[in-house]
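Source file: model-v7.cif (mmCIF, C-alpha atoms and all ligand atoms)
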data_final
loop_
_atom_site.label_atom_id
_atom_site.label_comp_id
_atom_site.auth_asym_id
_atom_site.auth_seq_id
_atom_site.Cartn_x
_atom_site.Cartn_y
_atom_site.Cartn_z
CA MET F 11 4.59 22.42 -24.58
CA ALA F 12 5.82 23.97 -27.82
CA SER F 13 5.26 21.63 -30.73
CA SER F 14 6.07 21.34 -34.41
CA ASN F 15 4.68 19.34 -37.31
CA SER F 16 6.59 16.19 -38.16
CA ASP F 17 6.94 14.71 -41.66
CA ASP F 18 3.74 12.72 -41.31
CA GLY F 19 1.85 15.85 -40.28
CA THR F 20 1.31 14.82 -36.67
CA LYS F 21 2.25 17.15 -33.84
CA LYS F 22 5.37 16.20 -31.96
CA PRO F 23 7.10 17.86 -29.03
CA GLN F 24 9.77 20.28 -30.21
CA GLU F 25 12.02 19.24 -27.40
CA GLY F 26 11.84 15.64 -26.14
CA ILE F 27 10.94 15.54 -22.47
CA LEU F 28 13.88 13.23 -21.85
CA ASN F 29 16.35 15.38 -23.72
CA TRP F 30 17.96 17.90 -21.39
CA ALA F 31 21.11 19.14 -23.10
CA SER F 32 21.19 22.17 -25.40
CA PRO F 33 22.57 21.83 -28.94
CA THR F 34 25.99 22.90 -27.60
CA GLY F 35 26.02 19.98 -25.18
CA GLU F 36 25.40 22.16 -22.15
CA PHE F 37 22.63 21.50 -19.60
CA ARG F 38 20.52 24.61 -18.89
CA ARG F 39 17.86 24.38 -16.20
CA LYS F 40 14.72 26.32 -17.09
CA PRO F 41 13.29 28.64 -14.43
CA SER F 42 10.18 27.35 -12.65
CA SER F 43 6.93 28.81 -14.01
CA PHE F 44 4.47 29.12 -11.11
CA ARG F 45 5.78 31.57 -8.56
CA ASP F 46 2.87 32.63 -6.36
CA PHE F 47 3.12 32.70 -2.59
CA ILE F 48 0.91 31.53 0.22
CA SER F 49 0.76 34.69 2.27
CA LYS F 50 -0.76 36.04 5.46
CA LYS F 51 -1.19 39.51 3.90
CA PRO F 52 -4.79 40.77 3.89
CA ASN F 53 -6.67 39.76 0.70
CA ALA F 54 -3.90 37.40 -0.37
CA ARG F 55 -5.00 35.12 -3.20
CA PHE F 56 -3.44 32.14 -1.42
CA PRO F 57 -3.88 32.56 2.35
CA PRO F 58 -2.60 29.86 4.71
CA GLU F 59 -5.37 27.40 5.57
CA PRO F 60 -5.10 23.83 6.84
CA ASN F 61 -5.99 21.13 4.33
CA ARG F 62 -6.19 23.55 1.41
CA TYR F 63 -2.81 22.89 -0.22
CA HIS F 64 -1.41 19.64 -1.59
CA LEU F 65 2.21 18.82 -2.31
CA TYR F 66 3.28 16.62 -5.22
CA VAL F 67 6.78 15.18 -4.94
CA SER F 68 9.07 12.46 -6.18
CA TYR F 69 11.21 10.70 -3.57
CA ALA F 70 13.90 10.61 -6.23
CA CYS F 71 14.12 14.34 -6.79
CA PRO F 72 16.56 16.36 -4.67
CA TRP F 73 14.51 19.57 -5.14
CA ALA F 74 11.25 17.93 -4.06
CA HIS F 75 13.10 16.25 -1.20
CA ARG F 76 13.80 19.67 0.33
CA THR F 77 10.08 20.38 0.55
CA LEU F 78 9.37 16.97 2.10
CA ILE F 79 11.99 17.63 4.77
CA VAL F 80 10.67 21.06 5.73
CA ARG F 81 7.08 19.73 5.73
CA ALA F 82 8.20 17.00 8.16
CA LEU F 83 10.42 19.15 10.38
CA LYS F 84 7.73 21.81 10.74
CA GLY F 85 5.10 19.15 11.51
CA LEU F 86 2.86 20.10 8.57
CA GLU F 87 1.83 16.53 7.67
CA ASP F 88 -1.80 17.06 8.72
CA ILE F 89 -1.99 20.53 7.19
CA ILE F 90 -0.56 19.88 3.73
CA GLY F 91 -1.52 16.71 1.84
CA LEU F 92 0.98 14.62 -0.14
CA SER F 93 1.20 12.62 -3.35
CA VAL F 94 4.36 10.77 -4.41
CA VAL F 95 4.91 9.97 -8.08
CA ASP F 96 6.37 6.74 -9.42
CA TYR F 97 10.17 6.83 -9.63
CA LEU F 98 10.19 6.00 -13.32
CA MET F 99 9.94 9.02 -15.60
CA GLN F 100 9.16 8.24 -19.23
CA GLU F 101 8.02 10.14 -22.32
CA LYS F 102 4.92 11.58 -20.68
CA GLY F 103 6.84 12.61 -17.58
CA TRP F 104 6.06 11.81 -13.95
CA LYS F 105 3.30 9.26 -13.48
CA PHE F 106 1.16 8.25 -10.52
CA SER F 107 1.07 4.62 -9.40
CA THR F 108 -0.55 2.75 -6.55
CA PRO F 109 1.63 1.55 -3.65
CA GLU F 110 0.88 -2.01 -4.84
CA GLN F 111 2.41 -1.19 -8.22
CA THR F 112 5.31 0.80 -6.77
CA PRO F 113 5.90 0.67 -3.03
CA GLY F 114 6.20 4.21 -1.67
CA ALA F 115 4.01 5.78 -4.37
CA ILE F 116 0.99 7.79 -3.20
CA PRO F 117 -1.61 8.34 -5.94
CA ASP F 118 -3.25 11.66 -6.73
CA THR F 119 -6.46 11.62 -4.72
CA VAL F 120 -6.98 15.35 -5.29
CA ASN F 121 -7.11 15.55 -9.09
CA ASN F 122 -7.17 11.83 -9.88
CA ALA F 123 -4.51 12.48 -12.48
CA GLN F 124 -2.54 9.71 -14.14
CA TYR F 125 0.35 11.98 -15.04
CA LEU F 126 1.68 15.09 -13.31
CA ARG F 127 1.43 17.02 -16.58
CA GLU F 128 -2.39 16.96 -16.25
CA LEU F 129 -2.14 19.33 -13.28
CA TYR F 130 -0.06 21.78 -15.26
CA PHE F 131 -2.65 21.85 -18.05
CA LYS F 132 -5.49 22.21 -15.52
CA ALA F 133 -3.71 25.21 -14.06
CA GLU F 134 -2.79 26.66 -17.45
CA PRO F 135 -4.26 25.07 -20.59
CA GLU F 136 -1.58 26.65 -22.82
CA TYR F 137 1.28 25.64 -20.52
CA GLY F 138 4.56 25.31 -22.42
CA GLY F 139 7.14 24.59 -19.73
CA ARG F 140 8.38 21.46 -18.02
CA PHE F 141 6.26 19.33 -15.73
CA THR F 142 8.35 19.32 -12.60
CA VAL F 143 8.15 18.25 -8.98
CA PRO F 144 7.75 19.68 -6.43
CA THR F 145 4.35 21.12 -7.34
CA LEU F 146 2.27 22.89 -4.72
CA TRP F 147 -1.43 22.72 -5.56
CA ASP F 148 -4.33 24.79 -4.23
CA LYS F 149 -7.43 22.60 -3.87
CA LYS F 150 -9.72 25.61 -3.40
CA LEU F 151 -8.83 27.50 -6.58
CA GLY F 152 -7.83 24.37 -8.49
CA THR F 153 -4.46 25.68 -9.58
CA ILE F 154 -0.73 25.49 -9.00
CA VAL F 155 0.58 27.96 -6.44
CA ASN F 156 4.26 27.36 -6.93
CA ASN F 157 6.66 24.82 -8.43
CA GLU F 158 9.97 26.16 -7.17
CA SER F 159 11.37 24.26 -4.20
CA SER F 160 13.40 27.13 -2.78
CA GLU F 161 10.21 29.19 -2.48
CA ILE F 162 7.99 26.36 -1.26
CA ILE F 163 10.34 25.69 1.67
CA ARG F 164 10.25 29.38 2.63
CA MET F 165 6.44 29.27 2.73
CA PHE F 166 6.36 26.05 4.75
CA ASN F 167 8.89 27.55 7.12
CA GLU F 168 6.70 30.44 8.17
CA VAL F 169 3.14 30.82 6.98
CA PHE F 170 1.44 27.90 8.75
CA ASP F 171 2.75 28.61 12.25
CA ASP F 172 -0.70 29.71 13.52
CA TYR F 173 -1.92 26.12 13.05
CA LEU F 174 1.01 24.47 14.81
CA PRO F 175 1.30 23.38 18.44
CA ASP F 176 3.34 25.64 20.71
CA ALA F 177 6.23 23.17 20.67
CA THR F 178 6.91 23.69 16.96
CA LYS F 179 5.44 27.14 16.35
CA GLY F 180 8.12 29.65 15.49
CA ILE F 181 10.86 27.12 14.75
CA THR F 182 12.63 28.54 11.74
CA TYR F 183 15.19 27.24 9.28
CA TYR F 184 15.74 30.75 7.89
CA PRO F 185 16.36 32.91 10.97
CA GLU F 186 16.53 36.60 10.28
CA HIS F 187 19.99 37.22 11.67
CA LEU F 188 21.50 34.46 9.48
CA ARG F 189 19.70 35.26 6.24
CA ALA F 190 22.54 37.07 4.47
CA GLU F 191 24.93 34.22 5.23
CA ILE F 192 22.41 31.54 4.23
CA ASP F 193 21.63 33.32 0.96
CA ALA F 194 25.31 33.66 0.15
CA ILE F 195 26.04 29.97 0.70
CA ASN F 196 22.88 28.88 -1.15
CA GLU F 197 24.00 30.77 -4.22
CA TRP F 198 27.28 28.99 -4.88
CA VAL F 199 26.04 25.65 -3.55
CA TYR F 200 23.11 25.79 -5.99
CA ASP F 201 25.27 26.64 -8.96
CA THR F 202 28.17 24.30 -8.39
CA VAL F 203 26.73 21.43 -6.32
CA ASN F 204 22.90 21.07 -6.45
CA ASN F 205 22.71 22.04 -10.10
CA GLY F 206 26.41 21.41 -10.69
CA VAL F 207 25.95 17.64 -10.64
CA TYR F 208 23.26 17.95 -13.34
CA LYS F 209 25.46 20.23 -15.44
CA ALA F 210 28.22 17.62 -15.34
CA GLY F 211 25.89 14.65 -15.71
CA PHE F 212 23.77 15.90 -18.60
CA ALA F 213 26.66 17.41 -20.56
CA THR F 214 27.06 15.79 -23.94
CA THR F 215 30.47 17.21 -24.74
CA GLN F 216 33.76 16.81 -22.91
CA GLN F 217 35.31 20.21 -22.53
CA ALA F 218 34.87 23.86 -21.59
CA CYS F 219 31.54 24.91 -20.04
CA THR F 220 30.29 21.37 -20.26
CA TYR F 221 31.41 18.18 -18.57
CA GLU F 222 34.95 18.74 -17.35
CA GLN F 223 34.64 22.30 -16.13
CA ASN F 224 31.43 21.58 -14.24
CA ALA F 225 32.75 18.35 -12.77
CA HIS F 226 35.84 20.13 -11.41
CA LYS F 227 33.71 22.89 -9.91
CA ILE F 228 31.67 20.34 -7.94
CA PHE F 229 34.79 19.15 -6.13
CA GLU F 230 36.14 22.65 -5.53
CA SER F 231 32.87 23.39 -3.74
CA LEU F 232 32.79 20.08 -1.86
CA ASP F 233 36.33 20.84 -0.62
CA ARG F 234 35.14 24.27 0.51
CA LEU F 235 32.13 22.75 2.30
CA GLU F 236 34.34 20.12 3.93
CA ASP F 237 36.50 22.90 5.25
CA ILE F 238 33.51 24.80 6.71
CA LEU F 239 32.22 21.64 8.37
CA SER F 240 35.61 20.83 9.87
CA THR F 241 35.09 23.60 12.43
CA ASN F 242 31.30 24.03 12.32
CA GLU F 243 28.56 21.60 13.19
CA PHE F 244 26.27 23.04 10.51
CA LEU F 245 26.88 25.35 7.56
CA VAL F 246 25.66 28.59 9.12
CA GLY F 247 25.42 29.85 12.69
CA GLY F 248 25.92 26.48 14.42
CA VAL F 249 22.29 25.48 13.85
CA LEU F 250 20.40 23.49 11.20
CA THR F 251 19.19 25.92 8.54
CA GLU F 252 17.77 25.88 5.06
CA ALA F 253 21.35 25.96 3.74
CA ASP F 254 21.99 22.52 5.24
CA ILE F 255 18.68 21.10 4.03
CA ARG F 256 19.28 22.30 0.46
CA LEU F 257 22.78 20.83 0.33
CA TRP F 258 21.92 17.61 2.16
CA THR F 259 19.53 16.24 -0.46
CA THR F 260 22.35 16.40 -3.01
CA ILE F 261 24.98 14.93 -0.67
CA ILE F 262 22.98 11.80 0.18
CA ARG F 263 22.53 11.12 -3.57
CA PHE F 264 26.19 11.74 -4.31
CA ASP F 265 27.88 8.37 -3.82
CA PRO F 266 24.98 6.12 -4.90
CA VAL F 267 24.04 8.17 -7.99
CA TYR F 268 26.04 11.23 -9.00
CA HIS F 269 29.46 9.60 -8.56
CA GLY F 270 28.71 6.98 -11.20
CA HIS F 271 25.67 8.09 -13.21
CA PHE F 272 26.68 11.77 -13.51
CA LYS F 273 30.44 11.01 -13.71
CA ALA F 274 31.24 13.10 -10.62
CA ASN F 275 33.92 10.65 -9.58
CA LEU F 276 37.04 12.52 -8.51
CA LYS F 277 36.19 11.79 -4.87
CA SER F 278 33.42 10.20 -2.83
CA ILE F 279 31.62 11.46 0.27
CA GLU F 280 32.23 8.24 2.19
CA LYS F 281 35.94 7.95 1.43
CA ASP F 282 37.15 11.51 1.02
CA TYR F 283 34.96 13.89 3.01
CA PRO F 284 34.80 12.86 6.70
CA ASN F 285 33.18 16.09 7.84
CA LEU F 286 30.50 16.09 5.15
CA LEU F 287 29.84 12.46 6.07
CA ARG F 288 29.56 13.25 9.80
CA TRP F 289 27.21 16.14 9.01
CA ALA F 290 25.13 13.98 6.62
CA ARG F 291 24.71 11.34 9.34
CA GLN F 292 23.84 13.94 11.94
CA ILE F 293 21.01 15.32 9.80
CA TYR F 294 19.79 11.86 8.78
CA GLN F 295 19.43 10.98 12.45
CA ILE F 296 17.22 13.99 13.28
CA PRO F 297 13.73 12.58 13.99
CA LYS F 298 11.54 12.22 10.86
CA ILE F 299 14.33 12.85 8.35
CA ALA F 300 15.15 9.20 7.63
CA ASP F 301 11.50 8.63 6.64
CA THR F 302 11.88 11.17 3.83
CA VAL F 303 14.66 9.10 2.21
CA ASN F 304 13.69 6.36 -0.23
CA MET F 305 16.92 5.08 -1.76
CA HIS F 306 15.06 2.62 -3.96
CA HIS F 307 13.17 5.46 -5.67
CA ILE F 308 16.33 7.56 -5.87
CA LYS F 309 18.53 4.92 -7.53
CA ASN F 310 15.88 3.46 -9.78
CA HIS F 311 14.75 6.86 -11.00
CA TYR F 312 18.12 8.08 -12.16
CA TYR F 313 19.48 4.84 -13.56
CA GLN F 314 16.26 3.77 -15.28
CA SER F 315 14.78 7.08 -16.46
CA HIS F 316 17.89 8.59 -18.06
CA LYS F 317 18.27 6.09 -20.87
CA GLN F 318 20.51 8.47 -22.83
CA ILE F 319 23.08 8.12 -20.03
CA ASN F 320 22.40 4.53 -18.99
CA PRO F 321 20.75 2.71 -21.92
CA THR F 322 20.63 -0.68 -20.20
CA GLY F 323 18.76 0.64 -17.17
CA VAL F 324 20.90 -1.53 -14.92
CA VAL F 325 20.93 -0.11 -11.37
CA PRO F 326 24.20 -0.41 -9.38
CA ILE F 327 24.17 -2.28 -6.07
CA GLY F 328 25.76 0.36 -3.79
CA ASN F 329 23.55 2.61 -1.65
CA GLY F 330 26.27 5.01 -0.51
CA PRO F 331 27.40 5.41 3.09
CA ASP F 332 25.30 3.97 5.92
CA LEU F 333 23.81 7.14 7.36
CA SER F 334 22.43 5.43 10.44
CA LYS F 335 25.91 4.75 11.86
CA PRO F 336 26.97 6.67 14.98
CA VAL F 337 28.00 10.27 14.43
CA ILE F 338 31.62 10.86 15.39
CA LYS F 339 32.32 14.54 15.84
CA ALA F 340 35.80 15.97 15.37
CA GLN F 341 37.38 17.44 18.50
CA LYS F 342 37.27 20.92 17.01
CA LEU F 343 33.46 20.92 17.16
N1 LIG V 1 14.09 24.60 -9.83
C1 LIG V 1 13.13 23.54 -9.61
C2 LIG V 1 13.62 22.27 -10.27
C3 LIG V 1 12.67 21.11 -10.15
C4 LIG V 1 13.07 19.96 -11.10
O1 LIG V 1 13.85 20.16 -12.06
N2 LIG V 1 12.54 18.75 -10.85
C5 LIG V 1 12.84 17.63 -11.72
C6 LIG V 1 13.03 16.34 -10.94
S1 LIG V 1 14.53 16.26 -10.06
C7 LIG V 1 11.67 17.34 -12.63
O2 LIG V 1 10.54 17.23 -12.18
N3 LIG V 1 11.95 17.20 -13.93
C8 LIG V 1 10.98 16.85 -14.91
C9 LIG V 1 11.27 17.48 -16.24
O3 LIG V 1 12.12 18.39 -16.28
O4 LIG V 1 10.64 17.09 -17.21
C10 LIG V 1 12.95 23.39 -8.12
O5 LIG V 1 13.93 23.55 -7.38
O6 LIG V 1 11.83 23.13 -7.69
#
Would you put the structure from the file into structure tokens?
Amino acid sequence: MASSNSDDGTKKPQEGILNWASPTGEFRRKPSSFRDFISKKPNARFPPEPNRYHLYVSYACPWAHRTLIVRALKGLEDIIGLSVVDYLMQEKGWKFSTPEQTPGAIPDTVNNAQYLRELYFKAEPEYGGRFTVPTLWDKKLGTIVNNESSEIIRMFNEVFDDYLPDATKGITYYPEHLRAEIDAINEWVYDTVNNGVYKAGFATTQQACTYEQNAHKIFESLDRLEDILSTNEFLVGGVLTEADIRLWTTIIRFDPVYHGHFKANLKSIEKDYPNLLRWARQIYQIPKIADTVNMHHIKNHYYQSHKQINPTGVVPIGNGPDLSKPVIKAQKL
């Protein structure tokens, strides 16, 4: 990380790890730094191999949650290993804990790291970016393959099929004939919903380009999504695709976290968006999905790690809508 000398001559981070807003009060997400691909192409540096790659996630993080879901749906649990960081993120970033210390945590048995940042420095000693989850690690070359969730889910979706049983081989969440439509929806959903909640929540000024504008955009997009789901079971093509998975991890965090913590409180999923709620329940009830949701990690991470937003660290009692309730489909579906 870039550093500067402080008054006492010691090195200090130029940009506090817990300080996300720019000087203008606007939240700007930095692009992910490791962008290699696991590929079946001849002589690929990272070919698909069982038990070669390891995934580092936080249950709290909506971006990492996407990768957990695709790993589960594709049945890659025995092919790609998993570590889960502690929900609490402090000055040194994500930390590993034992399940005794923090139920749900899975320590780093691959690198025996205490903090996620150690992996980034192993991969690149001069690394100057953020230490983010998800992180996809190559045990053979001892480096990070990729730390961008949208790319990790594409790899999981297709490159390990040779190692899967016939029942799951070839199942895709990015079918060729729907790609243009999926890409188009992903683009505005990313900007105004997935990242939109962060832009509203981390804004440190009220007006234009910061809090208010971004908060309004979230609800314009939720209204648009509600409309799509009023006549469609899923976002694209009547089947579960990557577009649903990417949106879903934000929607299930919406009422318990973003509504209060990120001040996205014009409407709630449970009270104001019946079709988004039906769709959220439907996906939650797909086998294996519920196991990827850890609401304790989600709530405790946001409310306890972002002390600039919630200095007391008090965590609200609500968990959002009960996603295990029966799915009631509208007649139009
Ligand atoms: N664009 C990345 C974003 C990942 C990301 O921002 N992860 C957050 C957790 S939700 C993180 O690890 N933040 C740590 C930090 O920025 O210091 C992706 O989709 O993978």
Env. residues ligand LIG 1 (chain V) / 7 Å / all atoms listed in the file / as a ChimeraX atom specification: /F:27-28,41-42,70-74,103,140-144,157-160
Nearest-residue call for Lys339 of chain F, choices F:Tyr268, F:Tyr312, F:Phe244, F:Tyr66, using all atoms listed in the file: F:Phe244
Gap from atom CA of Gln314 of chain F to atom CA of His271 of chain F - Å, one decimal: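 Computed distance, atom CA of Gln314 of chain F to atom CA of His271 of chain F, equals 10.6 Å.
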Contacts of Glu243 of chain F at 10 Å (all atoms listed in the file; same-chain gap of 4+ positions) as a PyMOL selection string: chain F and resi 238-239+247-250+285-286+288-289+292+339-340+342-343
Neighbour list for His316 of chain F as a PyMOL selection string, cut-off 10 Å, only C-alpha atoms, skip fewer than 4 positions in-chain: chain F and resi 28-30+98-100+212+271+310-312+320-323
Pick from F:Arg76, F:Val67, F:Ile90, F:Asp46, whichever lies nearest to Trp258 of chain F using all atoms listed in the file: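 Among the listed residues, the smallest separation from Trp258 of chain F belongs to F:Arg76.
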Closest of F:His64, F:Asp172, F:Ser32, F:Trp104 to Thr119 of chain F - atom-to-atom distances counting only C-alpha atoms: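 Comparing F:His64, F:Asp172, F:Ser32, F:Trp104 against Thr119 of chain F, the winner is F:His64.
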For atom CA of Arg256 of chain F and atom CA of Ala290 of chain F, the interatomic separation in Å (one decimal): 11.9 Å
Shortest interatomic distance to Ser315 of chain F - which of F:Phe131, F:Tyr97, F:Phe37, F:Phe229, counting only C-alpha atoms: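 Nearest to Ser315 of chain F: F:Tyr97.
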Atom pair atom CA of Asn242 of chain F / atom CA of Asp254 of chain F: separation (Å): 11.8 Å
Near-Asn205 of chain F list (10 Å; only C-alpha atoms; drop same-chain fewer than 3 positions) as a PyMOL selection string: chain F and resi 37-39+72-73+198-202+208-211+224+228+260
F:Thr302, F:Thr251, F:Gln318, F:Gln295 ranked by distance to Ser334 of chain F, top pick (using all atoms listed in the file):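 The shortest atom-to-atom distance to Ser334 of chain F comes from F:Gln295.
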Among listed residues F:Val80, F:Leu126, F:Val325, F:Ile299, nearest Ile163 of chain F (using all atoms listed in the file):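 Looking at the shortest contact to Ile163 of chain F, the residue is F:Val80.
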Point (-5.0, 13.3, -0.2), cut-off 12 Å, counting only C-alpha atoms, residues as a list of chain:residue names: F:Asn61, F:Arg62, F:Tyr63, F:His64, F:Leu65, F:Tyr66, F:Glu87, F:Asp88, F:Ile89, F:Ile90, F:Gly91, F:Leu92, F:Ser93, F:Val94, F:Ile116, F:Pro117, F:Asp118, F:Thr119, F:Val120, F:Asn121, F:Asn122, F:Trp147, F:Lys149
Since the input is missing atoms for segment 235-265 of chain F, could you rebuild it with N, CA and C atoms and give the result as a PDB file, in the frame of the given file?
ATOM      1  N   LEU F 235      33.139  23.130   1.306  1.00  0.00           N
ATOM      2  CA  LEU F 235      32.130  22.750   2.300  1.00  0.00           C
ATOM      3  C   LEU F 235      32.747  21.879   3.393  1.00  0.00           C
ATOM      4  N   GLU F 236      33.649  20.985   2.969  1.00  0.00           N
ATOM      5  CA  GLU F 236      34.340  20.120   3.930  1.00  0.00           C
ATOM      6  C   GLU F 236      35.125  20.972   4.932  1.00  0.00           C
ATOM      7  N   ASP F 237      35.730  22.009   4.409  1.00  0.00           N
ATOM      8  CA  ASP F 237      36.500  22.900   5.250  1.00  0.00           C
ATOM      9  C   ASP F 237      35.584  23.632   6.265  1.00  0.00           C
ATOM     10  N   ILE F 238      34.453  24.121   5.802  1.00  0.00           N
ATOM     11  CA  ILE F 238      33.510  24.800   6.710  1.00  0.00           C
ATOM     12  C   ILE F 238      33.069  23.830   7.807  1.00  0.00           C
ATOM     13  N   LEU F 239      32.770  22.601   7.404  1.00  0.00           N
ATOM     14  CA  LEU F 239      32.220  21.640   8.370  1.00  0.00           C
ATOM     15  C   LEU F 239      33.296  21.032   9.277  1.00  0.00           C
ATOM     16  N   SER F 240      34.566  21.341   8.992  1.00  0.00           N
ATOM     17  CA  SER F 240      35.610  20.830   9.870  1.00  0.00           C
ATOM     18  C   SER F 240      35.641  21.609  11.186  1.00  0.00           C
ATOM     19  N   THR F 241      35.101  22.816  11.185  1.00  0.00           N
ATOM     20  CA  THR F 241      35.090  23.600  12.430  1.00  0.00           C
ATOM     21  C   THR F 241      33.671  24.055  12.807  1.00  0.00           C
ATOM     22  N   ASN F 242      32.688  23.638  12.035  1.00  0.00           N
ATOM     23  CA  ASN F 242      31.300  24.030  12.320  1.00  0.00           C
ATOM     24  C   ASN F 242      30.399  22.816  12.241  1.00  0.00           C
ATOM     25  N   GLU F 243      29.471  22.736  13.185  1.00  0.00           N
ATOM     26  CA  GLU F 243      28.560  21.600  13.190  1.00  0.00           C
ATOM     27  C   GLU F 243      27.617  21.644  11.980  1.00  0.00           C
ATOM     28  N   PHE F 244      27.157  22.838  11.665  1.00  0.00           N
ATOM     29  CA  PHE F 244      26.270  23.040  10.510  1.00  0.00           C
ATOM     30  C   PHE F 244      26.861  24.162   9.648  1.00  0.00           C
ATOM     31  N   LEU F 245      26.262  24.404   8.491  1.00  0.00           N
ATOM     32  CA  LEU F 245      26.880  25.350   7.560  1.00  0.00           C
ATOM     33  C   LEU F 245      26.881  26.785   8.072  1.00  0.00           C
ATOM     34  N   VAL F 246      25.782  27.185   8.711  1.00  0.00           N
ATOM     35  CA  VAL F 246      25.660  28.590   9.120  1.00  0.00           C
ATOM     36  C   VAL F 246      25.186  28.686  10.569  1.00  0.00           C
ATOM     37  N   GLY F 247      25.901  29.465  11.361  1.00  0.00           N
ATOM     38  CA  GLY F 247      25.420  29.850  12.690  1.00  0.00           C
ATOM     39  C   GLY F 247      25.334  28.733  13.720  1.00  0.00           C
ATOM     40  N   GLY F 248      25.926  27.572  13.441  1.00  0.00           N
ATOM     41  CA  GLY F 248      25.920  26.480  14.420  1.00  0.00           C
ATOM     42  C   GLY F 248      24.570  25.801  14.602  1.00  0.00           C
ATOM     43  N   VAL F 249      23.610  26.126  13.743  1.00  0.00           N
ATOM     44  CA  VAL F 249      22.290  25.480  13.850  1.00  0.00           C
ATOM     45  C   VAL F 249      21.853  24.960  12.465  1.00  0.00           C
ATOM     46  N   LEU F 250      20.926  24.015  12.473  1.00  0.00           N
ATOM     47  CA  LEU F 250      20.400  23.490  11.200  1.00  0.00           C
ATOM     48  C   LEU F 250      19.582  24.585  10.517  1.00  0.00           C
ATOM     49  N   THR F 251      19.962  24.918   9.293  1.00  0.00           N
ATOM     50  CA  THR F 251      19.190  25.920   8.540  1.00  0.00           C
ATOM     51  C   THR F 251      18.871  25.358   7.156  1.00  0.00           C
ATOM     52  N   GLU F 252      18.113  26.166   6.449  1.00  0.00           N
ATOM     53  CA  GLU F 252      17.770  25.880   5.060  1.00  0.00           C
ATOM     54  C   GLU F 252      19.014  25.571   4.211  1.00  0.00           C
ATOM     55  N   ALA F 253      20.123  26.208   4.518  1.00  0.00           N
ATOM     56  CA  ALA F 253      21.350  25.960   3.740  1.00  0.00           C
ATOM     57  C   ALA F 253      21.769  24.496   3.853  1.00  0.00           C
ATOM     58  N   ASP F 254      21.648  23.932   5.061  1.00  0.00           N
ATOM     59  CA  ASP F 254      21.990  22.520   5.240  1.00  0.00           C
ATOM     60  C   ASP F 254      21.005  21.623   4.495  1.00  0.00           C
ATOM     61  N   ILE F 255      19.718  21.943   4.638  1.00  0.00           N
ATOM     62  CA  ILE F 255      18.680  21.100   4.030  1.00  0.00           C
ATOM     63  C   ILE F 255      18.870  21.062   2.507  1.00  0.00           C
ATOM     64  N   ARG F 256      19.138  22.220   1.917  1.00  0.00           N
ATOM     65  CA  ARG F 256      19.280  22.300   0.460  1.00  0.00           C
ATOM     66  C   ARG F 256      20.508  21.525  -0.027  1.00  0.00           C
ATOM     67  N   LEU F 257      21.588  21.580   0.739  1.00  0.00           N
ATOM     68  CA  LEU F 257      22.780  20.830   0.330  1.00  0.00           C
ATOM     69  C   LEU F 257      22.608  19.333   0.581  1.00  0.00           C
ATOM     70  N   TRP F 258      21.983  19.009   1.691  1.00  0.00           N
ATOM     71  CA  TRP F 258      21.920  17.610   2.160  1.00  0.00           C
ATOM     72  C   TRP F 258      21.280  16.669   1.135  1.00  0.00           C
ATOM     73  N   THR F 259      20.219  17.147   0.469  1.00  0.00           N
ATOM     74  CA  THR F 259      19.530  16.240  -0.460  1.00  0.00           C
ATOM     75  C   THR F 259      20.430  15.879  -1.660  1.00  0.00           C
ATOM     76  N   THR F 260      21.379  16.743  -1.965  1.00  0.00           N
ATOM     77  CA  THR F 260      22.350  16.400  -3.010  1.00  0.00           C
ATOM     78  C   THR F 260      23.431  15.466  -2.463  1.00  0.00           C
ATOM     79  N   ILE F 261      23.883  15.732  -1.242  1.00  0.00           N
ATOM     80  CA  ILE F 261      24.980  14.930  -0.670  1.00  0.00           C
ATOM     81  C   ILE F 261      24.577  13.460  -0.485  1.00  0.00           C
ATOM     82  N   ILE F 262      23.335  13.217  -0.049  1.00  0.00           N
ATOM     83  CA  ILE F 262      22.980  11.800   0.180  1.00  0.00           C
ATOM     84  C   ILE F 262      22.789  11.041  -1.149  1.00  0.00           C
ATOM     85  N   ARG F 263      22.620  11.765  -2.250  1.00  0.00           N
ATOM     86  CA  ARG F 263      22.530  11.120  -3.570  1.00  0.00           C
ATOM     87  C   ARG F 263      23.906  10.989  -4.216  1.00  0.00           C
ATOM     88  N   PHE F 264      24.911  11.591  -3.609  1.00  0.00           N
ATOM     89  CA  PHE F 264      26.190  11.740  -4.310  1.00  0.00           C
ATOM     90  C   PHE F 264      26.863  10.401  -4.615  1.00  0.00           C
ATOM     91  N   ASP F 265      27.156   9.633  -3.571  1.00  0.00           N
ATOM     92  CA  ASP F 265      27.880   8.370  -3.820  1.00  0.00           C
ATOM     93  C   ASP F 265      27.021   7.340  -4.566  1.00  0.00           C
TER      94      ASP F 265
END
